[in-house]
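Next comes target_29.cif, with mmCIF, C-alpha atoms and all ligand atoms.
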```
data_entry
#
loop_
_atom_site.label_atom_id
_atom_site.label_comp_id
_atom_site.auth_asym_id
_atom_site.auth_seq_id
_atom_site.Cartn_x
_atom_site.Cartn_y
_atom_site.Cartn_z
CA MET C 18 36.94 6.80 -28.22
CA PHE C 19 39.16 7.57 -25.26
CA ARG C 20 38.50 11.28 -25.63
CA GLU C 21 34.77 10.66 -25.63
CA TRP C 22 35.13 8.53 -22.55
CA ILE C 23 37.07 11.26 -20.71
CA PHE C 24 34.55 13.81 -21.86
CA SER C 25 31.56 11.86 -20.53
CA LEU C 26 33.43 11.23 -17.30
CA ILE C 27 33.99 14.96 -16.84
CA VAL C 28 30.39 15.78 -17.73
CA ALA C 29 29.12 13.10 -15.36
CA SER C 30 31.26 14.24 -12.45
CA CYS C 31 30.45 17.91 -13.00
CA THR C 32 26.74 17.23 -13.23
CA LYS C 33 26.83 15.05 -10.15
CA GLY C 34 28.86 17.57 -8.16
CA ALA C 35 26.58 20.43 -9.09
CA LEU C 36 23.42 18.44 -8.42
CA SER C 37 24.41 17.03 -5.08
CA ASN C 38 25.25 20.54 -3.96
CA SER C 39 22.08 22.10 -5.25
CA LEU C 40 19.35 19.51 -4.69
CA LEU C 41 19.78 18.07 -1.20
CA ALA C 42 21.42 20.42 1.24
CA PRO C 43 23.62 18.39 3.63
CA CYS C 44 22.19 17.70 7.10
CA LYS C 45 22.80 15.68 10.19
CA ILE C 46 20.14 12.98 10.29
CA GLU C 47 19.03 13.95 13.81
CA ASP C 48 18.58 17.60 12.78
CA GLU C 49 14.91 17.32 11.83
CA ASP C 50 14.48 20.93 10.73
CA CYS C 51 17.47 20.72 8.43
CA VAL C 52 16.33 17.42 6.89
CA ARG C 53 12.77 18.68 6.37
CA ASN C 54 13.95 21.92 4.75
CA SER C 55 16.43 20.10 2.58
CA VAL C 56 13.82 17.57 1.40
CA ASN C 57 11.20 20.27 0.77
CA ALA C 58 13.63 22.30 -1.29
CA ALA C 59 14.69 19.27 -3.32
CA ILE C 60 11.25 17.76 -4.00
CA PRO C 61 10.05 20.13 -6.74
CA LYS C 62 13.38 19.87 -8.56
CA ILE C 63 13.56 16.09 -8.41
CA LEU C 64 9.87 15.69 -9.31
CA GLN C 65 10.08 17.94 -12.34
CA GLY C 66 12.58 15.43 -13.74
CA ILE C 67 16.29 15.53 -14.53
CA PRO C 68 16.73 14.26 -18.10
CA GLU C 69 20.57 14.33 -17.92
CA LEU C 70 20.38 11.72 -15.15
CA GLY C 71 17.58 9.70 -16.69
CA VAL C 72 15.13 10.83 -14.02
CA GLU C 73 11.70 11.09 -15.62
CA THR C 74 9.25 13.79 -14.64
CA SER C 75 6.86 13.03 -11.78
CA ASP C 76 4.81 16.17 -12.39
CA PRO C 77 3.13 15.78 -14.76
CA LEU C 78 3.18 12.08 -13.99
CA PHE C 79 2.07 9.73 -16.74
CA LEU C 80 0.65 6.28 -16.05
CA GLU C 81 -0.34 4.02 -18.90
CA LYS C 82 -2.61 1.89 -16.74
CA ILE C 83 -4.02 2.06 -13.22
CA GLU C 84 -6.11 -0.86 -12.09
CA GLY C 85 -8.53 -0.72 -9.18
CA ASN C 86 -9.77 -4.19 -8.24
CA LEU C 87 -12.13 -3.35 -5.41
CA SER C 88 -14.69 -5.82 -4.11
CA ILE C 89 -17.72 -3.94 -5.40
CA LEU C 90 -16.13 -1.82 -8.11
CA LYS C 91 -13.58 -2.51 -10.84
CA TYR C 92 -11.95 0.39 -12.60
CA LYS C 93 -9.16 0.94 -15.06
CA PHE C 94 -7.63 4.29 -15.88
CA TYR C 95 -5.63 4.48 -19.12
CA ASN C 96 -3.10 7.06 -20.27
CA THR C 97 -3.57 9.13 -17.15
CA THR C 98 -1.74 12.38 -16.60
CA ILE C 99 -1.52 13.51 -12.98
CA ILE C 100 -0.56 17.05 -12.07
CA GLY C 101 0.13 18.23 -8.55
CA TYR C 102 2.81 16.19 -6.80
CA LYS C 103 5.52 18.84 -6.94
CA ASP C 104 3.34 21.25 -4.94
CA CYS C 105 3.08 18.86 -1.99
CA ALA C 106 4.86 20.02 1.17
CA VAL C 107 6.51 17.58 3.55
CA THR C 108 5.77 17.87 7.28
CA ASN C 109 6.20 15.61 10.33
CA LEU C 110 9.32 14.10 8.84
CA LYS C 111 10.99 11.56 11.11
CA THR C 112 13.96 9.51 10.03
CA SER C 113 15.29 6.64 12.09
CA PRO C 114 18.88 7.36 13.25
CA ASP C 115 20.25 4.44 11.20
CA LEU C 116 18.37 5.66 8.08
CA SER C 117 16.44 2.40 7.82
CA SER C 118 13.01 4.04 7.78
CA VAL C 119 11.27 7.34 7.33
CA HIS C 120 7.84 8.69 8.13
CA TYR C 121 6.40 11.91 6.72
CA VAL C 122 3.19 13.61 5.74
CA LEU C 123 2.61 14.98 2.24
CA ASN C 124 0.29 17.98 2.24
CA CYS C 125 -0.93 18.41 -1.29
CA PRO C 126 -3.05 21.39 -2.35
CA LYS C 127 -4.59 19.84 -5.47
CA PHE C 128 -4.34 16.99 -7.94
CA LYS C 129 -5.71 16.91 -11.44
CA LEU C 130 -6.04 13.56 -13.21
CA SER C 131 -7.16 13.11 -16.77
CA GLY C 132 -7.23 10.19 -19.18
CA GLN C 133 -9.54 7.37 -20.23
CA TYR C 134 -11.50 5.11 -17.90
CA ASP C 135 -13.36 1.86 -17.90
CA ILE C 136 -15.54 1.23 -14.86
CA SER C 137 -18.13 -1.24 -13.71
CA GLY C 138 -19.66 -2.15 -10.39
CA ARG C 139 -21.26 -0.25 -7.59
CA LEU C 140 -20.33 3.19 -6.29
CA ILE C 141 -21.36 2.50 -2.67
CA ILE C 142 -25.12 2.43 -3.40
CA LEU C 143 -25.39 3.27 -7.10
CA PRO C 144 -24.61 0.96 -9.99
CA VAL C 145 -22.05 2.49 -12.33
CA GLU C 146 -20.91 1.42 -15.78
CA GLY C 147 -19.09 3.02 -18.66
CA ASN C 148 -15.94 3.99 -20.50
CA GLY C 149 -14.65 7.19 -22.04
CA ASP C 150 -12.65 10.24 -21.03
CA TYR C 151 -12.40 11.26 -17.43
CA GLU C 152 -11.15 14.10 -15.31
CA LEU C 153 -10.78 14.25 -11.54
CA VAL C 154 -9.91 17.45 -9.75
CA THR C 155 -9.23 17.07 -6.07
CA GLY C 156 -8.79 19.64 -3.37
CA LYS C 157 -6.41 19.22 -0.48
CA TYR C 158 -5.01 15.81 0.32
CA LYS C 159 -3.09 14.61 3.35
CA ILE C 160 -0.97 11.55 2.67
CA ASP C 161 0.84 9.74 5.49
CA VAL C 162 3.85 7.89 4.14
CA ASP C 163 5.87 5.18 5.90
CA SER C 164 8.89 3.89 4.02
CA ASP C 165 11.72 1.49 4.66
CA LEU C 166 15.02 2.72 3.30
CA LYS C 167 18.05 0.82 2.16
CA ILE C 168 21.70 1.73 2.16
CA HIS C 169 23.84 -0.07 -0.37
CA THR C 170 27.35 0.21 -1.75
CA GLY C 171 27.70 1.26 -5.38
CA SER C 172 30.28 -0.07 -7.85
CA ASP C 173 32.34 3.03 -7.00
CA GLY C 174 32.59 1.85 -3.38
CA LYS C 175 30.47 4.75 -2.10
CA THR C 176 27.21 4.25 -0.18
CA TYR C 177 23.85 5.22 -1.62
CA LEU C 178 20.37 5.51 -0.19
CA SER C 179 17.21 4.16 -1.78
CA ILE C 180 13.54 3.84 -0.92
CA LYS C 181 12.63 0.18 -0.47
CA ASN C 182 8.86 0.30 -0.08
CA PHE C 183 6.02 2.46 1.20
CA LYS C 184 2.68 2.38 2.93
CA LEU C 185 0.19 5.18 2.41
CA LYS C 186 -2.74 6.56 4.36
CA CYS C 187 -4.57 8.99 2.09
CA LYS C 188 -7.26 11.41 3.14
CA ALA C 189 -9.18 13.90 1.02
CA LEU C 190 -9.74 17.09 3.03
CA THR C 191 -11.81 19.18 0.62
CA PRO C 192 -14.31 18.37 -2.18
CA ILE C 193 -13.40 16.47 -5.33
CA LEU C 194 -14.93 17.08 -8.75
CA PHE C 195 -15.71 13.92 -10.71
CA ASP C 196 -16.24 14.16 -14.46
CA PHE C 197 -16.68 10.87 -16.33
CA LYS C 198 -17.82 11.27 -19.94
CA ASN C 199 -20.07 8.69 -21.52
CA LEU C 200 -21.18 6.87 -18.36
CA PHE C 201 -23.93 4.35 -19.16
CA ASN C 202 -23.22 4.87 -22.86
CA GLY C 203 -24.20 8.50 -22.54
CA GLN C 204 -27.58 8.07 -20.79
CA LYS C 205 -27.81 11.47 -19.17
CA ASP C 206 -30.20 10.79 -16.26
CA LEU C 207 -28.17 7.86 -14.97
CA SER C 208 -24.89 9.69 -15.50
CA ASP C 209 -26.15 12.83 -13.73
CA ALA C 210 -27.29 10.76 -10.75
CA VAL C 211 -23.84 9.16 -10.36
CA HIS C 212 -22.05 12.52 -10.70
CA LYS C 213 -24.36 14.16 -8.19
CA PHE C 214 -23.83 11.29 -5.74
CA ALA C 215 -20.02 11.30 -6.17
CA ASN C 216 -19.67 15.07 -5.91
CA GLU C 217 -21.88 15.23 -2.80
CA ASN C 218 -20.34 12.21 -1.09
CA TRP C 219 -16.73 12.87 -2.06
CA PRO C 220 -15.21 11.76 1.29
CA GLU C 221 -16.78 8.28 1.12
CA VAL C 222 -16.22 7.92 -2.63
CA ALA C 223 -12.57 8.97 -2.31
CA GLU C 224 -12.09 6.52 0.56
CA LEU C 225 -13.52 3.72 -1.60
CA VAL C 226 -11.62 4.32 -4.84
CA GLN C 227 -8.41 6.23 -4.09
CA ASP C 228 -5.86 3.67 -2.88
CA PRO C 229 -5.03 1.83 -6.14
CA THR C 230 -4.48 5.16 -7.85
CA PHE C 231 -2.27 6.66 -5.13
CA TYR C 232 -0.22 3.46 -4.86
CA ALA C 233 0.32 3.40 -8.62
CA CYS C 234 1.44 7.04 -8.57
CA MET C 235 3.76 6.54 -5.61
CA ASN C 236 5.29 3.47 -7.23
CA LYS C 237 6.32 5.48 -10.23
CA ILE C 238 7.49 8.48 -8.19
CA THR C 239 9.55 6.19 -5.96
CA ARG C 240 11.26 4.72 -9.03
CA ASN C 241 12.02 8.23 -10.26
CA VAL C 242 13.37 9.38 -6.89
CA ASN C 243 15.49 6.23 -6.59
CA LYS C 244 17.02 6.94 -10.00
CA TYR C 245 18.04 10.31 -8.65
CA LEU C 246 19.34 8.89 -5.35
CA LYS C 247 21.55 6.49 -7.30
CA THR C 248 23.48 9.50 -8.59
CA VAL C 249 24.19 11.11 -5.20
CA PRO C 250 26.42 9.37 -2.69
CA LEU C 251 24.99 9.46 0.82
CA ASP C 252 28.05 11.37 2.07
CA ASP C 253 27.09 14.27 -0.20
CA PHE C 254 23.98 15.02 1.87
CA LYS C 255 24.52 13.28 5.19
CA LEU C 256 26.83 15.00 7.65
CA ASN C 257 28.17 13.01 10.61
C1 LIG J 301 -7.06 -7.15 -11.19
O1 LIG J 301 -7.83 -8.28 -11.57
C2 LIG J 301 -7.49 -8.76 -12.87
C3 LIG J 301 -8.48 -9.85 -13.24
O2 LIG J 301 -8.73 -10.70 -12.17
C4 LIG J 301 -6.04 -9.25 -12.84
O3 LIG J 301 -5.67 -9.74 -14.13
C5 LIG J 301 -5.14 -8.08 -12.48
O4 LIG J 301 -3.79 -8.48 -12.38
C6 LIG J 301 -5.57 -7.44 -11.17
N1 LIG J 301 -4.81 -6.23 -10.98
C7 LIG J 301 -4.32 -5.82 -9.82
C8 LIG J 301 -3.58 -4.52 -9.83
O5 LIG J 301 -4.43 -6.47 -8.79
C1 LIG J 302 -3.26 5.04 -24.67
O1 LIG J 302 -2.32 5.68 -25.53
C2 LIG J 302 -1.74 4.81 -26.47
C3 LIG J 302 -0.64 5.57 -27.20
O2 LIG J 302 -1.08 6.82 -27.61
C4 LIG J 302 -2.84 4.30 -27.42
O3 LIG J 302 -2.30 3.41 -28.34
C5 LIG J 302 -3.91 3.58 -26.59
O4 LIG J 302 -4.98 3.19 -27.40
C6 LIG J 302 -4.44 4.49 -25.47
N1 LIG J 302 -5.33 3.72 -24.59
C7 LIG J 302 -6.63 3.99 -24.46
C8 LIG J 302 -7.42 3.07 -23.62
O5 LIG J 302 -7.17 4.93 -25.03
#
```
Translate the structure of the given file into structure tokens.
Ligand SMILES: *[C@@H]1O[C@H](CO)[C@@H](O)[C@H](O)[C@H]1NC(C)=O
Ligand SMILES: *[C@@H]1O[C@H](CO)[C@@H](O)[C@H](O)[C@H]1NC(C)=O
Amino acid sequence: MFREWIFSLIVASCTKGALSNSLLAPCKIEDEDCVRNSVNAAIPKILQGIPELGVETSDPLFLEKIEGNLSILKYKFYNTTIIGYKDCAVTNLKTSPDLSSVHYVLNCPKFKLSGQYDISGRLIILPVEGNGDYELVTGKYKIDVDSDLKIHTGSDGKTYLSIKNFKLKCKALTPILFDFKNLFNGQKDLSDAVHKFANENWPEVAELVQDPTFYACMNKITRNVNKYLKTVPLDDFKLN
């Protein structure tokens, strides 16, 4: 028992030491270039998941249910797999000197979502109804993120950082391909009309439907990142 305990302690401290060195290079908070480079280098590694630390993968990201309750359109996405977050690059990163908030822009080249859907309502001007398999392939996205951060003391007496909340401003920059199987119970004319409309009017359609999906994704990613941050004391990546 005791031997096992010592063993896990050694494994835990080695893993933590190695990770804090390799994932977030230490920076002074006011050194914006250093912080941006450190975050950009760490993002793909944190988002791909770290099973030893209980950090689930964020790319692919799996969401059992996404619910969009919009005034004119209700949609549910089930068992959705989202690919693309680990290719997003962070720019315009600004951290408040006391580490209580952070602003940054995520520049994402492409997202691919696939799963099952259930939709009913109006897509701007066209009625839309159906359920089945769906796939969405976006082009470039620009996502403005504002987050409050929190510093707290762990049971080991060290301080840790976590992300408290976030606000997003999402903008599609290039066309999106919409593919919803079995719209209108498979009536081809009606389904073709909706697809044509959505593919041609992607900026307006994205603007209408995107927020519930991006918030659901960011919620899960934030939980994953916070799990990671819980394993790295602030002093391991903050110089001052
Ligand atoms: C959407 O509306 C349904 C039915 O009114 C409600 O049960 C559900 O909690 C709402 N979901 C969200 C994410 O607001
Ligand atoms: C989602 O996946 C689960 C587990 O595979 C399955 O039981 C469920 O029916 C799926 N949901 C939909 C709407 O297909």
Checklist line | Counting all atoms listed in the file, the residue of C:Arg53, C:Lys237, C:Lys93, C:Lys45 that sits nearest ligand LIG 302 (chain J) | finding: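 Nearest to ligand LIG 302 (chain J): C:Lys93.
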Next item on the list: Go through the chains and note each residue within 6 Å of ligand LIG 302 (chain J), using all atoms listed in the file, then give the set as a list in words.
Entry: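 These are the residues that qualify: Tyr95, Asn96 and Gln133 of chain C.
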To check your reading of the model: which residues sit at most 9 Å from ligand LIG 301 (chain J) when counting all atoms listed in the file? Write the answer as a PDB file with C-alpha atoms, keeping the file's coordinate frame.
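Dumped everything to out-v5.pdb:
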```
ATOM      1  CA  ILE C  83      -4.020   2.060 -13.220  1.00  0.00           C
ATOM      2  CA  GLU C  84      -6.110  -0.860 -12.090  1.00  0.00           C
ATOM      3  CA  GLY C  85      -8.530  -0.720  -9.180  1.00  0.00           C
ATOM      4  CA  ASN C  86      -9.770  -4.190  -8.240  1.00  0.00           C
ATOM      5  CA  LEU C  87     -12.130  -3.350  -5.410  1.00  0.00           C
ATOM      6  CA  LYS C  91     -13.580  -2.510 -10.840  1.00  0.00           C
ATOM      7  CA  PRO C 229      -5.030   1.830  -6.140  1.00  0.00           C
ATOM      8  CA  ALA C 233       0.320   3.400  -8.620  1.00  0.00           C
TER       9      ALA C 233
END
```
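Shortest atom-to-atom contact with Lys247 (chain C) among C:Leu116, C:Met235, C:Ile100, C:Leu178: C:Leu178, counting only C-alpha atoms.
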Next item on the list: State, in Å with one decimal place, the distance from CA of Asn216 (chain C) to CA of Phe195 (chain C).
Entry: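 Computing it gives 6.3 Å between the two atoms.
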Note to self: What does the structure give for the distance between CA of Thr98 (chain C) and CA of Ser131 (chain C), in Å to one decimal?
What the structure shows: 5.5 Å
Item checked: 10 Å contact set for region 210-213 of chain C, all atoms listed in the file, chain neighbours under 2 positions out, as a list in words ->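 Result of the neighbour search: Leu140, Ile142, Leu143, Pro144, Val145, Glu146, Leu194, Phe195, Asp196, Phe197, Leu200, Lys205, Asp206, Leu207, Ser208, Ala215, Asn216, Glu217, Asn218 and Trp219 of chain C.
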Next item on the list: Find, counting only C-alpha atoms, the residue in C:Cys187, C:Cys125, C:Leu41, C:Ile136 that gets nearest to Ile160 (chain C).
Entry: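 The shortest atom-to-atom distance to Ile160 (chain C) comes from C:Cys187.
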Notebook entry, point to check: What is the distance, in Å and to one decimal place, between CA of Asp252 (chain C) and CA of Ser118 (chain C)?
Noted result: 17.7 Å
Check: For Pro220 (chain C), which of C:Thr191, C:Asn124, C:Ser172, C:Asn257 is the closest residue, counting all atoms listed in the file?
Finding: C:Thr191
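The point (5.8, 4.1, -4.8) has these residues within 10 Å of it when all atoms listed in the file are used: Val162, Ser164, Ile180, Lys181, Asn182, Phe183, Lys184, Leu185, Phe231, Tyr232, Ala233, Cys234, Met235, Asn236, Lys237, Ile238, Thr239, Arg240, Asn241 and Val242 of chain C.
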Margin query: I'd like to know which of C:Leu166, C:Leu78, C:Asp161, C:Pro114 is closest to Gly66 (chain C), using all atoms listed in the file.
Written below: C:Leu78
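Of the residues listed (C:Pro43, C:Gly149, C:Gly71, C:Pro77), C:Gly149 shows the shortest atom-to-atom separation from Tyr92 (chain C); distances use all atoms listed in the file.
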Next item on the list: List every protein, DNA or RNA residue that has an atom no more than 10 Å from (-18.6, 1.7, -0.9) in the file's coordinate frame, counting all atoms listed in the file, and report them as a PyMOL selection string.
Entry: chain C and resi 87-90+139-143+221-226
Could you write those residues out with C-alpha atoms, as an mmCIF file, in the coordinates of the input?
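Saved to selection_4.cif:
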```cif
data_model
loop_
_atom_site.group_PDB
_atom_site.id
_atom_site.type_symbol
_atom_site.label_atom_id
_atom_site.label_comp_id
_atom_site.auth_asym_id
_atom_site.auth_seq_id
_atom_site.Cartn_x
_atom_site.Cartn_y
_atom_site.Cartn_z
ATOM 1 C CA LEU C 87 -12.130 -3.350 -5.410
ATOM 2 C CA SER C 88 -14.690 -5.820 -4.110
ATOM 3 C CA ILE C 89 -17.720 -3.940 -5.400
ATOM 4 C CA LEU C 90 -16.130 -1.820 -8.110
ATOM 5 C CA ARG C 139 -21.260 -0.250 -7.590
ATOM 6 C CA LEU C 140 -20.330 3.190 -6.290
ATOM 7 C CA ILE C 141 -21.360 2.500 -2.670
ATOM 8 C CA ILE C 142 -25.120 2.430 -3.400
ATOM 9 C CA LEU C 143 -25.390 3.270 -7.100
ATOM 10 C CA GLU C 221 -16.780 8.280 1.120
ATOM 11 C CA VAL C 222 -16.220 7.920 -2.630
ATOM 12 C CA ALA C 223 -12.570 8.970 -2.310
ATOM 13 C CA GLU C 224 -12.090 6.520 0.560
ATOM 14 C CA LEU C 225 -13.520 3.720 -1.600
ATOM 15 C CA VAL C 226 -11.620 4.320 -4.840
#
```
Missing atoms in region 36-69 of chain C need filling: write out N, CA and C atoms for it as an mmCIF file, keeping the file's coordinate frame.
```cif
data_model
loop_
_atom_site.group_PDB
_atom_site.id
_atom_site.type_symbol
_atom_site.label_atom_id
_atom_site.label_comp_id
_atom_site.auth_asym_id
_atom_site.auth_seq_id
_atom_site.Cartn_x
_atom_site.Cartn_y
_atom_site.Cartn_z
ATOM 1 N N LEU C 36 24.731 18.853 -8.895
ATOM 2 C CA LEU C 36 23.420 18.440 -8.420
ATOM 3 C C LEU C 36 23.421 18.136 -6.937
ATOM 4 N N SER C 37 24.444 17.402 -6.479
ATOM 5 C CA SER C 37 24.410 17.030 -5.080
ATOM 6 C C SER C 37 24.524 18.269 -4.208
ATOM 7 N N ASN C 38 25.207 19.303 -4.728
ATOM 8 C CA ASN C 38 25.250 20.540 -3.960
ATOM 9 C C ASN C 38 23.911 21.250 -3.983
ATOM 10 N N SER C 39 23.242 21.235 -5.137
ATOM 11 C CA SER C 39 22.080 22.100 -5.250
ATOM 12 C C SER C 39 20.779 21.443 -4.820
ATOM 13 N N LEU C 40 20.659 20.107 -4.935
ATOM 14 C CA LEU C 40 19.350 19.510 -4.690
ATOM 15 C C LEU C 40 19.071 19.098 -3.248
ATOM 16 N N LEU C 41 20.017 18.453 -2.601
ATOM 17 C CA LEU C 41 19.780 18.070 -1.200
ATOM 18 C C LEU C 41 20.855 18.714 -0.345
ATOM 19 N N ALA C 42 20.457 19.758 0.371
ATOM 20 C CA ALA C 42 21.420 20.420 1.240
ATOM 21 C C ALA C 42 21.843 19.440 2.334
ATOM 22 N N PRO C 43 23.140 19.370 2.649
ATOM 23 C CA PRO C 43 23.620 18.390 3.630
ATOM 24 C C PRO C 43 23.082 18.659 5.035
ATOM 25 N N CYS C 44 22.737 17.593 5.745
ATOM 26 C CA CYS C 44 22.190 17.700 7.100
ATOM 27 C C CYS C 44 22.709 16.558 7.953
ATOM 28 N N LYS C 45 22.679 16.799 9.268
ATOM 29 C CA LYS C 45 22.800 15.680 10.190
ATOM 30 C C LYS C 45 21.427 15.027 10.296
ATOM 31 N N ILE C 46 21.413 13.697 10.315
ATOM 32 C CA ILE C 46 20.140 12.980 10.290
ATOM 33 C C ILE C 46 19.238 13.372 11.461
ATOM 34 N N GLU C 47 19.861 13.644 12.631
ATOM 35 C CA GLU C 47 19.030 13.950 13.810
ATOM 36 C C GLU C 47 18.553 15.406 13.808
ATOM 37 N N ASP C 48 19.015 16.203 12.875
ATOM 38 C CA ASP C 48 18.580 17.600 12.780
ATOM 39 C C ASP C 48 17.315 17.670 11.910
ATOM 40 N N GLU C 49 16.164 17.471 12.578
ATOM 41 C CA GLU C 49 14.910 17.320 11.830
ATOM 42 C C GLU C 49 14.566 18.540 10.983
ATOM 43 N N ASP C 50 14.817 19.730 11.510
ATOM 44 C CA ASP C 50 14.480 20.930 10.730
ATOM 45 C C ASP C 50 15.305 20.995 9.456
ATOM 46 N N CYS C 51 16.576 20.681 9.598
ATOM 47 C CA CYS C 51 17.470 20.720 8.430
ATOM 48 C C CYS C 51 17.016 19.697 7.393
ATOM 49 N N VAL C 52 16.718 18.481 7.840
ATOM 50 C CA VAL C 52 16.330 17.420 6.890
ATOM 51 C C VAL C 52 15.027 17.806 6.195
ATOM 52 N N ARG C 53 14.058 18.313 6.971
ATOM 53 C CA ARG C 53 12.770 18.680 6.370
ATOM 54 C C ARG C 53 12.954 19.792 5.331
ATOM 55 N N ASN C 54 13.727 20.817 5.696
ATOM 56 C CA ASN C 54 13.950 21.920 4.750
ATOM 57 C C ASN C 54 14.678 21.452 3.503
ATOM 58 N N SER C 55 15.648 20.597 3.708
ATOM 59 C CA SER C 55 16.430 20.100 2.580
ATOM 60 C C SER C 55 15.539 19.293 1.630
ATOM 61 N N VAL C 56 14.703 18.416 2.216
ATOM 62 C CA VAL C 56 13.820 17.570 1.400
ATOM 63 C C VAL C 56 12.787 18.446 0.678
ATOM 64 N N ASN C 57 12.213 19.404 1.405
ATOM 65 C CA ASN C 57 11.200 20.270 0.770
ATOM 66 C C ASN C 57 11.778 21.098 -0.367
ATOM 67 N N ALA C 58 13.017 21.516 -0.213
ATOM 68 C CA ALA C 58 13.630 22.300 -1.290
ATOM 69 C C ALA C 58 13.950 21.428 -2.486
ATOM 70 N N ALA C 59 14.276 20.158 -2.222
ATOM 71 C CA ALA C 59 14.690 19.270 -3.320
ATOM 72 C C ALA C 59 13.519 18.681 -4.079
ATOM 73 N N ILE C 60 12.386 18.470 -3.390
ATOM 74 C CA ILE C 60 11.250 17.760 -4.000
ATOM 75 C C ILE C 60 10.821 18.335 -5.354
ATOM 76 N N PRO C 61 10.534 19.639 -5.439
ATOM 77 C CA PRO C 61 10.050 20.130 -6.740
ATOM 78 C C PRO C 61 11.069 19.903 -7.855
ATOM 79 N N LYS C 62 12.344 20.016 -7.523
ATOM 80 C CA LYS C 62 13.380 19.870 -8.560
ATOM 81 C C LYS C 62 13.518 18.417 -9.000
ATOM 82 N N ILE C 63 13.450 17.499 -8.027
ATOM 83 C CA ILE C 63 13.560 16.090 -8.410
ATOM 84 C C ILE C 63 12.300 15.666 -9.172
ATOM 85 N N LEU C 64 11.122 16.130 -8.690
ATOM 86 C CA LEU C 64 9.870 15.690 -9.310
ATOM 87 C C LEU C 64 9.660 16.283 -10.704
ATOM 88 N N GLN C 65 10.280 17.411 -10.989
ATOM 89 C CA GLN C 65 10.080 17.940 -12.340
ATOM 90 C C GLN C 65 10.910 17.155 -13.364
ATOM 91 N N GLY C 66 11.809 16.302 -12.856
ATOM 92 C CA GLY C 66 12.580 15.430 -13.740
ATOM 93 C C GLY C 66 13.945 16.009 -14.042
ATOM 94 N N ILE C 67 14.927 15.110 -14.219
ATOM 95 C CA ILE C 67 16.290 15.530 -14.530
ATOM 96 C C ILE C 67 16.760 14.659 -15.695
ATOM 97 N N PRO C 68 16.456 15.102 -16.927
ATOM 98 C CA PRO C 68 16.730 14.260 -18.100
ATOM 99 C C PRO C 68 18.189 13.815 -18.197
ATOM 100 N N GLU C 69 19.143 14.695 -17.820
ATOM 101 C CA GLU C 69 20.570 14.330 -17.920
ATOM 102 C C GLU C 69 20.882 13.084 -17.099
#
```
